[in-house]
>>> print(open('input26.txt').read())   # compact mmCIF, C-alpha atoms and all ligand atoms
# COMPACT_ATOMS: atom_id res chain seq x y z
CA MET M 1 51.43 -43.28 8.32
CA ALA M 2 52.17 -42.37 11.92
CA ARG M 3 51.73 -43.81 15.40
CA ILE M 4 49.66 -41.40 17.51
CA SER M 5 48.74 -41.65 21.17
CA ILE M 6 45.53 -39.92 22.29
CA LEU M 7 44.86 -39.06 25.95
CA GLY M 8 41.28 -38.33 26.99
CA ALA M 9 40.01 -40.55 24.18
CA THR M 10 36.51 -40.96 25.66
CA GLY M 11 35.93 -37.18 25.69
CA LYS M 12 34.14 -35.37 22.89
CA THR M 13 37.36 -34.11 21.32
CA GLY M 14 39.18 -37.35 22.13
CA GLN M 15 36.62 -39.48 20.27
CA GLU M 16 36.82 -37.16 17.28
CA LEU M 17 40.61 -37.46 17.35
CA VAL M 18 40.47 -41.27 17.44
CA HIS M 19 38.03 -41.46 14.51
CA ARG M 20 39.93 -38.97 12.39
CA ALA M 21 43.37 -40.47 13.08
CA LEU M 22 42.08 -43.93 12.09
CA ASP M 23 40.35 -42.51 9.00
CA GLU M 24 43.66 -40.91 7.97
CA GLY M 25 45.30 -44.35 8.22
CA HIS M 26 47.33 -43.84 11.39
CA THR M 27 47.88 -46.36 14.18
CA VAL M 28 46.31 -45.13 17.41
CA THR M 29 46.90 -45.78 21.11
CA ALA M 30 43.95 -44.47 23.13
CA LEU M 31 44.24 -43.86 26.88
CA VAL M 32 40.87 -44.19 28.65
CA ARG M 33 39.52 -44.70 32.14
CA ARG M 34 36.23 -46.15 30.84
CA PRO M 35 36.80 -48.46 27.85
CA GLU M 36 33.04 -48.97 27.52
CA ALA M 37 32.72 -45.27 26.60
CA LEU M 38 34.86 -45.68 23.48
CA ALA M 39 32.68 -47.44 20.92
CA VAL M 40 35.18 -47.71 18.08
CA ARG M 41 37.17 -50.92 17.57
CA ASP M 42 39.82 -51.23 14.86
CA GLU M 43 42.87 -53.38 14.23
CA ARG M 44 44.96 -50.18 14.22
CA LEU M 45 43.55 -49.09 17.61
CA GLU M 46 45.07 -50.14 20.95
CA VAL M 47 43.05 -49.15 24.01
CA VAL M 48 45.03 -48.66 27.23
CA VAL M 49 43.05 -48.34 30.47
CA GLY M 50 44.53 -46.08 33.13
CA ASP M 51 44.75 -42.72 34.83
CA ALA M 52 46.80 -40.01 33.11
CA ARG M 53 48.22 -38.98 36.51
CA ASP M 54 50.06 -42.31 36.76
CA VAL M 55 53.63 -41.99 35.48
CA ASP M 56 53.80 -45.67 34.45
CA VAL M 57 50.63 -45.21 32.36
CA ILE M 58 52.13 -42.14 30.66
CA ALA M 59 55.37 -44.03 29.97
CA ARG M 60 53.37 -46.84 28.41
CA VAL M 61 51.28 -44.66 26.08
CA ALA M 62 54.27 -42.47 25.14
CA THR M 63 56.56 -45.34 24.16
CA GLY M 64 57.12 -45.86 20.44
CA GLN M 65 54.82 -43.01 19.33
CA ASP M 66 55.51 -40.42 16.65
CA ALA M 67 53.24 -37.95 18.45
CA LEU M 68 50.89 -37.69 21.42
CA ILE M 69 47.77 -35.53 21.65
CA ALA M 70 46.13 -34.84 25.03
CA ALA M 71 42.49 -33.74 25.23
CA LEU M 72 42.20 -34.14 29.01
CA GLY M 73 39.55 -32.24 30.84
CA ARG M 74 36.70 -32.97 33.18
CA PRO M 75 37.84 -34.69 36.34
CA GLU M 76 34.86 -36.87 37.17
CA SER M 77 34.63 -39.90 34.99
CA GLY M 78 31.23 -40.60 33.46
CA ARG M 79 29.39 -37.76 35.25
CA THR M 80 27.06 -35.38 33.48
CA LYS M 81 27.76 -31.65 33.37
CA GLU M 82 25.15 -31.14 36.12
CA GLU M 83 26.72 -33.78 38.37
CA ILE M 84 30.25 -32.37 38.20
CA ASP M 85 31.44 -30.62 41.33
CA ASP M 86 33.32 -27.57 40.06
CA SER M 87 34.60 -26.75 43.55
CA GLN M 88 36.78 -29.86 43.37
CA SER M 89 40.44 -29.21 42.58
CA VAL M 90 41.67 -30.52 39.22
CA ASP M 91 45.22 -31.63 38.47
CA VAL M 92 45.18 -34.07 35.53
CA CYS M 93 46.63 -31.68 32.94
CA ALA M 94 49.46 -30.43 35.14
CA ILE M 95 50.44 -33.86 36.45
CA SER M 96 50.27 -35.66 33.10
CA THR M 97 52.29 -32.87 31.45
CA GLN M 98 54.99 -33.13 34.12
CA HIS M 99 55.15 -36.90 33.47
CA LEU M 100 55.35 -36.34 29.70
CA LEU M 101 58.26 -33.92 30.14
CA ASP M 102 59.97 -36.35 32.53
CA VAL M 103 59.56 -39.64 30.67
CA GLY M 104 58.73 -38.64 27.09
CA PRO M 105 62.26 -38.06 25.79
CA ARG M 106 63.47 -41.23 27.54
CA VAL M 107 60.92 -43.38 25.69
CA GLY M 108 61.45 -41.68 22.32
CA LEU M 109 58.52 -39.21 22.31
CA HIS M 110 59.43 -35.87 20.74
CA ARG M 111 56.13 -34.32 19.67
CA ILE M 112 53.10 -33.43 21.81
CA VAL M 113 49.95 -31.37 21.26
CA LEU M 114 48.07 -30.48 24.44
CA MET M 115 44.59 -28.99 24.74
CA SER M 116 44.14 -26.00 27.00
CA THR M 117 41.48 -23.35 27.26
CA HIS M 118 41.53 -19.77 26.12
CA GLY M 119 41.82 -17.80 29.37
CA ALA M 120 44.70 -19.86 30.80
CA GLY M 121 48.28 -18.65 31.17
CA SER M 122 49.12 -15.54 29.16
CA SER M 123 45.63 -15.57 27.59
CA ASN M 124 44.17 -14.64 31.01
CA ASP M 125 43.62 -11.11 29.68
CA GLY M 126 40.93 -9.82 32.01
CA SER M 127 38.36 -9.70 29.19
CA PRO M 128 34.68 -10.33 30.05
CA TYR M 129 34.91 -13.71 28.27
CA VAL M 130 37.87 -14.85 30.36
CA ARG M 131 36.54 -13.43 33.63
CA GLU M 132 33.26 -15.31 33.21
CA LEU M 133 35.06 -18.55 32.33
CA ARG M 134 37.39 -18.34 35.32
CA ASP M 135 34.42 -17.56 37.60
CA LYS M 136 32.54 -20.62 36.34
CA VAL M 137 35.24 -23.30 36.08
CA GLY M 138 38.24 -21.73 37.79
CA ASN M 139 39.62 -24.99 39.17
CA ARG M 140 39.80 -26.50 35.70
CA VAL M 141 41.40 -23.37 34.25
CA ARG M 142 44.00 -23.25 37.04
CA ASP M 143 45.01 -26.81 36.09
CA LYS M 144 45.65 -25.51 32.55
CA ASP M 145 47.57 -22.51 34.03
CA ARG M 146 49.90 -24.95 35.78
CA MET M 147 50.24 -27.10 32.66
CA GLU M 148 51.15 -24.03 30.60
CA GLU M 149 53.67 -22.81 33.20
CA LEU M 150 55.42 -26.19 33.09
CA LEU M 151 55.78 -26.01 29.31
CA ALA M 152 56.77 -22.34 29.21
CA SER M 153 59.65 -22.99 31.60
CA ALA M 154 60.65 -26.44 30.30
CA THR M 155 64.00 -27.22 28.78
CA THR M 156 63.16 -30.24 26.70
CA ASP M 157 63.72 -31.70 23.27
CA ILE M 158 60.00 -32.50 23.08
CA VAL M 159 58.46 -30.11 20.57
CA TRP M 160 55.08 -29.03 21.97
CA THR M 161 52.05 -27.04 20.84
CA VAL M 162 49.28 -25.97 23.19
CA ILE M 163 45.86 -25.35 21.64
CA ARG M 164 43.75 -22.97 23.71
CA ASN M 165 40.15 -23.80 22.94
CA PRO M 166 37.12 -21.54 22.89
CA TYR M 167 33.63 -23.09 23.18
CA ILE M 168 33.66 -26.33 21.14
CA TYR M 169 30.51 -27.46 19.32
CA ASP M 170 29.23 -30.24 17.08
CA GLY M 171 29.52 -29.21 13.46
CA PRO M 172 31.15 -30.17 10.19
CA VAL M 173 34.82 -30.17 9.38
CA GLY M 174 35.82 -27.28 7.13
CA THR M 175 34.21 -24.30 8.87
CA PRO M 176 36.75 -21.46 8.43
CA TYR M 177 38.74 -20.68 11.58
CA GLY M 178 41.87 -18.80 12.55
CA ILE M 179 44.91 -19.59 14.69
CA PHE M 180 46.05 -16.73 16.92
CA GLU M 181 48.90 -16.21 19.38
CA LYS M 182 47.01 -13.23 20.83
CA ILE M 183 43.32 -12.50 20.53
CA GLU M 184 40.44 -11.34 22.70
CA LEU M 185 37.50 -13.75 22.53
CA ASP M 186 33.84 -13.05 23.08
CA ASP M 187 30.71 -15.17 23.38
CA THR M 188 30.59 -15.76 19.60
CA SER M 189 34.00 -17.50 19.66
CA ARG M 190 33.82 -21.19 18.90
CA VAL M 191 35.22 -24.10 16.89
CA THR M 192 33.80 -27.48 15.86
CA TYR M 193 35.10 -30.70 17.43
CA ALA M 194 35.82 -31.92 13.90
CA ASP M 195 37.95 -28.91 12.92
CA LEU M 196 39.76 -28.97 16.26
CA ALA M 197 40.64 -32.65 15.85
CA ALA M 198 41.83 -32.16 12.26
CA PHE M 199 44.00 -29.21 13.29
CA ALA M 200 45.48 -31.07 16.28
CA ILE M 201 46.46 -34.08 14.16
CA SER M 202 47.98 -31.96 11.41
CA GLU M 203 49.88 -29.91 14.00
CA ALA M 204 51.09 -33.10 15.69
CA LEU M 205 52.50 -34.53 12.47
CA GLU M 206 53.69 -31.33 10.75
CA PRO M 207 54.18 -28.68 13.42
CA LYS M 208 53.50 -25.17 12.20
CA HIS M 209 53.40 -23.72 15.74
CA PRO M 210 56.28 -25.38 17.62
CA ASP M 211 56.70 -24.50 21.31
CA THR M 212 53.81 -22.04 21.04
CA PHE M 213 50.45 -21.41 22.73
CA VAL M 214 47.75 -20.80 20.12
CA THR M 215 44.05 -20.02 20.29
CA ILE M 216 41.86 -21.61 17.63
CA THR M 217 38.56 -19.92 16.82
CA GLU M 218 36.21 -19.25 13.99
CA PRO M 219 36.81 -15.77 12.56
CA LEU M 220 35.51 -12.99 14.74
CA THR M 221 34.12 -9.72 13.58
CA GLY M 222 36.95 -7.34 14.19
CA ASN M 223 38.41 -7.90 17.66
CA ALA M 224 41.62 -9.78 16.78
CA ALA M 225 44.47 -8.30 18.82
N1 LIG F 301 34.22 -28.38 25.57
C1 LIG F 301 34.49 -27.09 25.51
O1 LIG F 301 33.67 -26.26 25.08
C2 LIG F 301 35.87 -26.62 25.95
C3 LIG F 301 36.11 -25.24 26.03
C4 LIG F 301 37.39 -24.81 26.35
C5 LIG F 301 38.41 -25.73 26.59
N2 LIG F 301 38.12 -27.07 26.54
C6 LIG F 301 39.23 -28.02 26.74
O2 LIG F 301 39.41 -28.73 25.52
C7 LIG F 301 39.78 -30.09 25.78
C8 LIG F 301 38.77 -31.05 25.16
O3 LIG F 301 37.48 -30.77 25.71
P1 LIG F 301 36.31 -31.85 25.68
O4 LIG F 301 35.05 -31.09 25.95
O5 LIG F 301 36.45 -32.69 24.47
O6 LIG F 301 36.70 -32.73 26.97
P2 LIG F 301 35.79 -33.78 27.76
O7 LIG F 301 34.67 -34.25 26.87
O8 LIG F 301 35.45 -33.19 29.07
O9 LIG F 301 36.79 -35.00 27.94
C9 LIG F 301 37.78 -34.99 28.91
C10 LIG F 301 38.52 -36.30 28.85
O10 LIG F 301 39.54 -36.30 29.86
C11 LIG F 301 39.50 -37.58 30.48
N3 LIG F 301 40.12 -37.52 31.80
C12 LIG F 301 39.88 -36.63 32.82
N4 LIG F 301 40.66 -36.91 33.88
C13 LIG F 301 41.41 -38.01 33.52
C14 LIG F 301 42.40 -38.79 34.18
N5 LIG F 301 42.79 -38.48 35.44
N6 LIG F 301 42.97 -39.82 33.51
C15 LIG F 301 42.58 -40.13 32.24
N7 LIG F 301 41.63 -39.45 31.57
C16 LIG F 301 41.06 -38.39 32.20
C17 LIG F 301 38.03 -37.92 30.54
O11 LIG F 301 37.87 -39.29 30.79
P3 LIG F 301 36.44 -39.90 31.34
O12 LIG F 301 35.60 -40.11 30.09
O13 LIG F 301 36.83 -41.16 32.00
O14 LIG F 301 35.84 -38.88 32.25
C18 LIG F 301 37.63 -37.52 29.11
O15 LIG F 301 37.98 -38.55 28.21
C19 LIG F 301 39.87 -30.20 27.30
O16 LIG F 301 41.20 -29.93 27.69
C20 LIG F 301 38.96 -29.10 27.79
O17 LIG F 301 39.28 -28.66 29.08
C21 LIG F 301 36.88 -27.53 26.23
>>> encode(input="input26.txt", output="structure tokens", more="lines below")
Ligand SMILES: NC(=O)c1ccc[n+]([C@@H]2O[C@H](COP(=O)([O-])OP(=O)(O)OC[C@H]3O[C@@H](n4cnc5c(N)ncnc54)[C@H](OP(=O)(O)O)[C@@H]3O)[C@@H](O)[C@H]2O)c1
Amino acid sequence: MARISILGATGKTGQELVHRALDEGHTVTALVRRPEALAVRDERLEVVVGDARDVDVIARVATGQDALIAALGRPESGRTKEEIDDSQSVDVCAISTQHLLDVGPRVGLHRIVLMSTHGAGSSNDGSPYVRELRDKVGNRVRDKDRMEELLASATTDIVWTVIRNPYIYDGPVGTPYGIFEKIELDDTSRVTYADLAAFAISEALEPKHPDTFVTITEPLTGNAA
């Protein structure tokens, strides 16, 4: 069994990751800003309260871990979708990734899986799907762009995988999906939180896509690049 740190553990994907990692028998460190939003309690779960932009917090949750998974996203803690101000600049993914690259190797962390969005970095392909996404939540996607740039240019002995997500929805684990280094998405592209969490944990513990940006999505009807 492994020791896994999960950043963004109160988010939808983060909660799924915590539940699944515990169910698989792993020991989990969960970084949260709002402990009251994480209902699960378990003797193999340590909850650390802090902001992922704080280097000391990152050092703490990276220390002694076999792998770390980050599902960091929305910038405004506890707000509803409607209350979130999308004109506000977002930096949590870029800053936390820089800290991970800086302190991770020093504290013995050598494996990270980071969540991004399809449409960031080299997946910004000008397709209607990506144009609409970047119009709607551009500040959040630009944070992922910066995170991806840091990893693409990093010289590090941390082995990383970036998962570029499509629309994520509630559904069962086991819905067939594909993993693509290049693909054009459309508005049918999606993956369940459960499948995403299972893939992220398996990738964290047995990397099949080291130092690679991948898009995960349920099979599309004929537009794979
Ligand atoms: N949901 C989708 O359809 C979709 C589509 C494409 C890509 N993505 C990406 O996929 C990943 C998972 O998405 P999701 O919908 O599960 O995310 P989410 O529900 O929005 O959760 C985001 C998490 O990040 C945490 N967070 C934000 N800023 C933080 C900070 N400064 N310090 C510590 N924690 C911070 C939030 O904490 P609080 O609870 O305190 O706010 C929350 O736990 C994200 O990277 C997201 O951008 C999602």
>>> residues_near_ligand(input="input26.txt", ligand="ligand LIG 301 (chain F)", cutoff="6 Å", atoms="all atoms listed in the file", output="list of chain:residue names")
M:Gly8, M:Ala9, M:Thr10, M:Gly11, M:Lys12, M:Thr13, M:Gly14, M:Val32, M:Arg33, M:Arg34, M:Asp51, M:Ala52, M:Arg53, M:Ala71, M:Leu72, M:Gly73, M:Arg74, M:Pro75, M:Glu76, M:Ser77, M:Gly78, M:Val92, M:Met115, M:Ser116, M:Thr117, M:Asn165, M:Pro166, M:Tyr167, M:Ile168
>>> residues_around(input="input26.txt", residues="Arg190 of chain M", least_positions_apart="6", cutoff="12 Å", atoms="all atoms listed in the file", output="list in words")
Thr117, His118, Arg164, Asn165, Pro166, Tyr167, Ile168, Tyr169, Asp170, Gly171, Thr175, Pro176, Tyr177, Gly178, Ile179, Leu196, Thr215, Ile216, Thr217, Glu218, Pro219 and Leu220 of chain M
>>> closest_residue(input="input26.txt", among="M:Thr27, M:Ser96, M:Gln88, M:Ser5", to="Thr63 of chain M", atoms="all atoms listed in the file")
M:Ser5
>>> residues_near_point(input="input26.txt", point="(56.1, -37.2, 24.7)", cutoff="10 Å", atoms="only C-alpha atoms", output="ChimeraX atom specification")
/M:5,58-59,61-69,97,99-113,157-160
>>> atom_distance(input="input26.txt", atom1="atom CA of Val137 of chain M", atom2="atom CA of Asp86 of chain M")
6.1 Å
>>> residues_around(input="input26.txt", residues="Gly119 of chain M", least_positions_apart="2", cutoff="9 Å", atoms="all atoms listed in the file", output="list in words")
Ser116, Thr117, Gly121, Ser122, Ser123, Asn124, Asp125, Gly126, Ser127, Tyr129, Val130, Arg131, Leu133, Arg134, Val141, Asp145, Arg164, Asn165 and Pro166 of chain M
>>> atom_distance(input="input26.txt", atom1="atom CA of Ile4 of chain M", atom2="atom CA of Thr161 of chain M")
14.9 Å
>>> atom_distance(input="input26.txt", atom1="atom CA of Pro172 of chain M", atom2="atom CA of Asp195 of chain M")
7.4 Å
>>> closest_residue(input="input26.txt", among="M:Ala94, M:Leu151, M:Ala70, M:Leu22", to="Ala200 of chain M", atoms="all atoms listed in the file")
M:Ala70
>>> closest_residue(input="input26.txt", among="M:Val173, M:Leu205, M:Ala194, M:Val18", to="Leu45 of chain M", atoms="all atoms listed in the file")
M:Val18
>>> residues_around(input="input26.txt", residues="Pro35 of chain M", least_positions_apart="3", cutoff="9 Å", atoms="all atoms listed in the file", output="list in words")
Thr10, Leu31, Val32, Leu38, Ala39, Val47, Val48 and Val49 of chain M
>>> closest_residue(input="input26.txt", among="M:Gly174, M:Ala120, M:Asp211, M:Glu181", to="Ala154 of chain M", atoms="all atoms listed in the file")
M:Asp211
>>> decode(input="input26.txt", residues="segment 8-137 of chain M", atoms="C-alpha atoms", output="mmCIF file, in the first residue's frame")
data_model
loop_
_atom_site.group_PDB
_atom_site.id
_atom_site.type_symbol
_atom_site.label_atom_id
_atom_site.label_comp_id
_atom_site.auth_asym_id
_atom_site.auth_seq_id
_atom_site.Cartn_x
_atom_site.Cartn_y
_atom_site.Cartn_z
ATOM 1 C CA GLY M 8 -7.930 19.996 -3.695
ATOM 2 C CA ALA M 9 -9.467 17.246 -1.572
ATOM 3 C CA THR M 10 -12.753 19.113 -0.977
ATOM 4 C CA GLY M 11 -13.427 19.410 -4.721
ATOM 5 C CA LYS M 12 -15.589 16.944 -6.607
ATOM 6 C CA THR M 13 -12.623 15.059 -8.048
ATOM 7 C CA GLY M 14 -10.631 15.480 -4.839
ATOM 8 C CA GLN M 15 -13.344 13.828 -2.720
ATOM 9 C CA GLU M 16 -13.572 10.962 -5.183
ATOM 10 C CA LEU M 17 -9.796 10.560 -5.009
ATOM 11 C CA VAL M 18 -9.819 10.470 -1.199
ATOM 12 C CA HIS M 19 -12.588 7.851 -1.065
ATOM 13 C CA ARG M 20 -11.030 5.650 -3.717
ATOM 14 C CA ALA M 21 -7.497 5.835 -2.300
ATOM 15 C CA LEU M 22 -8.793 4.833 1.149
ATOM 16 C CA ASP M 23 -10.928 2.048 -0.366
ATOM 17 C CA GLU M 24 -7.814 0.716 -2.117
ATOM 18 C CA GLY M 25 -6.059 0.581 1.269
ATOM 19 C CA HIS M 26 -3.673 3.508 0.849
ATOM 20 C CA THR M 27 -2.723 6.080 3.479
ATOM 21 C CA VAL M 28 -3.921 9.538 2.459
ATOM 22 C CA THR M 29 -2.859 13.096 3.269
ATOM 23 C CA ALA M 30 -5.578 15.524 2.156
ATOM 24 C CA LEU M 31 -4.846 19.240 1.716
ATOM 25 C CA VAL M 32 -7.966 21.376 2.251
ATOM 26 C CA ARG M 33 -8.872 24.979 2.976
ATOM 27 C CA ARG M 34 -12.248 24.014 4.463
ATOM 28 C CA PRO M 35 -11.983 20.855 6.607
ATOM 29 C CA GLU M 36 -15.738 20.958 7.231
ATOM 30 C CA ALA M 37 -16.279 20.278 3.507
ATOM 31 C CA LEU M 38 -14.524 16.905 3.687
ATOM 32 C CA ALA M 39 -16.949 14.538 5.399
ATOM 33 C CA VAL M 40 -14.807 11.402 5.446
ATOM 34 C CA ARG M 41 -12.810 10.489 8.560
ATOM 35 C CA ASP M 42 -10.496 7.471 8.647
ATOM 36 C CA GLU M 43 -7.488 6.365 10.662
ATOM 37 C CA ARG M 44 -5.510 6.270 7.389
ATOM 38 C CA LEU M 45 -6.524 9.859 6.515
ATOM 39 C CA GLU M 46 -4.574 12.927 7.673
ATOM 40 C CA VAL M 47 -6.233 16.262 6.904
ATOM 41 C CA VAL M 48 -3.891 19.242 6.497
ATOM 42 C CA VAL M 49 -5.464 22.710 6.408
ATOM 43 C CA GLY M 50 -3.734 25.285 4.224
ATOM 44 C CA ASP M 51 -3.410 27.121 0.943
ATOM 45 C CA ALA M 52 -1.655 25.304 -1.912
ATOM 46 C CA ARG M 53 0.142 28.562 -2.819
ATOM 47 C CA ASP M 54 2.087 28.411 0.453
ATOM 48 C CA VAL M 55 5.465 26.730 -0.047
ATOM 49 C CA ASP M 56 5.603 25.494 3.565
ATOM 50 C CA VAL M 57 2.197 23.831 3.111
ATOM 51 C CA ILE M 58 3.394 22.126 -0.082
ATOM 52 C CA ALA M 59 6.574 20.948 1.655
ATOM 53 C CA ARG M 60 4.473 19.495 4.456
ATOM 54 C CA VAL M 61 2.058 17.557 2.237
ATOM 55 C CA ALA M 62 4.854 16.379 -0.090
ATOM 56 C CA THR M 63 7.079 14.978 2.647
ATOM 57 C CA GLY M 64 7.193 11.193 2.963
ATOM 58 C CA GLN M 65 4.703 10.525 0.149
ATOM 59 C CA ASP M 66 4.982 7.918 -2.595
ATOM 60 C CA ALA M 67 2.882 10.105 -4.891
ATOM 61 C CA LEU M 68 0.913 13.340 -4.933
ATOM 62 C CA ILE M 69 -2.220 14.063 -6.967
ATOM 63 C CA ALA M 70 -3.453 17.644 -7.440
ATOM 64 C CA ALA M 71 -7.069 18.343 -8.405
ATOM 65 C CA LEU M 72 -6.885 22.103 -7.811
ATOM 66 C CA GLY M 73 -9.341 24.336 -9.529
ATOM 67 C CA ARG M 74 -11.866 26.960 -8.588
ATOM 68 C CA PRO M 75 -10.296 29.866 -6.765
ATOM 69 C CA GLU M 76 -13.099 30.938 -4.443
ATOM 70 C CA SER M 77 -13.510 28.640 -1.516
ATOM 71 C CA GLY M 78 -17.043 27.496 -0.780
ATOM 72 C CA ARG M 79 -18.737 29.639 -3.462
ATOM 73 C CA THR M 80 -21.324 28.288 -5.849
ATOM 74 C CA LYS M 81 -20.753 28.292 -9.602
ATOM 75 C CA GLU M 82 -23.014 31.356 -9.889
ATOM 76 C CA GLU M 83 -21.106 33.265 -7.191
ATOM 77 C CA ILE M 84 -17.670 32.741 -8.727
ATOM 78 C CA ASP M 85 -16.155 35.789 -10.367
ATOM 79 C CA ASP M 86 -14.527 34.472 -13.531
ATOM 80 C CA SER M 87 -12.859 37.816 -14.230
ATOM 81 C CA GLN M 88 -10.634 37.210 -11.208
ATOM 82 C CA SER M 89 -7.115 36.023 -12.019
ATOM 83 C CA VAL M 90 -6.264 32.477 -10.911
ATOM 84 C CA ASP M 91 -2.805 31.244 -9.960
ATOM 85 C CA VAL M 92 -3.138 28.212 -7.670
ATOM 86 C CA CYS M 93 -2.076 25.589 -10.226
ATOM 87 C CA ALA M 94 0.965 27.498 -11.470
ATOM 88 C CA ILE M 95 2.187 28.502 -8.009
ATOM 89 C CA SER M 96 1.658 25.103 -6.374
ATOM 90 C CA THR M 97 3.387 23.372 -9.304
ATOM 91 C CA GLN M 98 6.399 25.675 -9.004
ATOM 92 C CA HIS M 99 6.583 24.822 -5.281
ATOM 93 C CA LEU M 100 6.312 21.087 -6.032
ATOM 94 C CA LEU M 101 9.177 21.302 -8.520
ATOM 95 C CA ASP M 102 11.237 23.339 -6.035
ATOM 96 C CA VAL M 103 10.699 21.372 -2.834
ATOM 97 C CA GLY M 104 9.401 17.970 -3.972
ATOM 98 C CA PRO M 105 12.737 16.283 -4.734
ATOM 99 C CA ARG M 106 14.237 17.714 -1.527
ATOM 100 C CA VAL M 107 11.535 16.072 0.618
ATOM 101 C CA GLY M 108 11.606 12.756 -1.267
ATOM 102 C CA LEU M 109 8.631 13.224 -3.632
ATOM 103 C CA HIS M 110 9.247 11.733 -7.069
ATOM 104 C CA ARG M 111 5.804 11.156 -8.554
ATOM 105 C CA ILE M 112 3.031 13.683 -9.244
ATOM 106 C CA VAL M 113 -0.222 13.626 -11.216
ATOM 107 C CA LEU M 114 -1.726 17.051 -11.883
ATOM 108 C CA MET M 115 -5.180 17.853 -13.241
ATOM 109 C CA SER M 116 -5.434 20.300 -16.098
ATOM 110 C CA THR M 117 -8.111 21.017 -18.642
ATOM 111 C CA HIS M 118 -8.303 20.068 -22.277
ATOM 112 C CA GLY M 119 -7.674 23.355 -24.093
ATOM 113 C CA ALA M 120 -4.588 24.315 -22.069
ATOM 114 C CA GLY M 121 -1.021 24.317 -23.376
ATOM 115 C CA SER M 122 -0.521 22.386 -26.605
ATOM 116 C CA SER M 123 -4.169 21.249 -26.531
ATOM 117 C CA ASN M 124 -5.226 24.859 -27.252
ATOM 118 C CA ASP M 125 -6.034 23.790 -30.821
ATOM 119 C CA GLY M 126 -8.460 26.495 -31.903
ATOM 120 C CA SER M 127 -11.358 24.016 -32.073
ATOM 121 C CA PRO M 128 -14.880 25.280 -31.276
ATOM 122 C CA TYR M 129 -14.773 23.307 -27.995
ATOM 123 C CA VAL M 130 -11.551 24.967 -26.858
ATOM 124 C CA ARG M 131 -12.514 28.446 -28.069
ATOM 125 C CA GLU M 132 -15.764 28.320 -26.102
ATOM 126 C CA LEU M 133 -14.000 27.060 -22.968
ATOM 127 C CA ARG M 134 -11.328 29.756 -23.116
ATOM 128 C CA ASP M 135 -14.013 32.415 -23.681
ATOM 129 C CA LYS M 136 -15.956 31.231 -20.627
ATOM 130 C CA VAL M 137 -13.230 30.508 -18.056
#
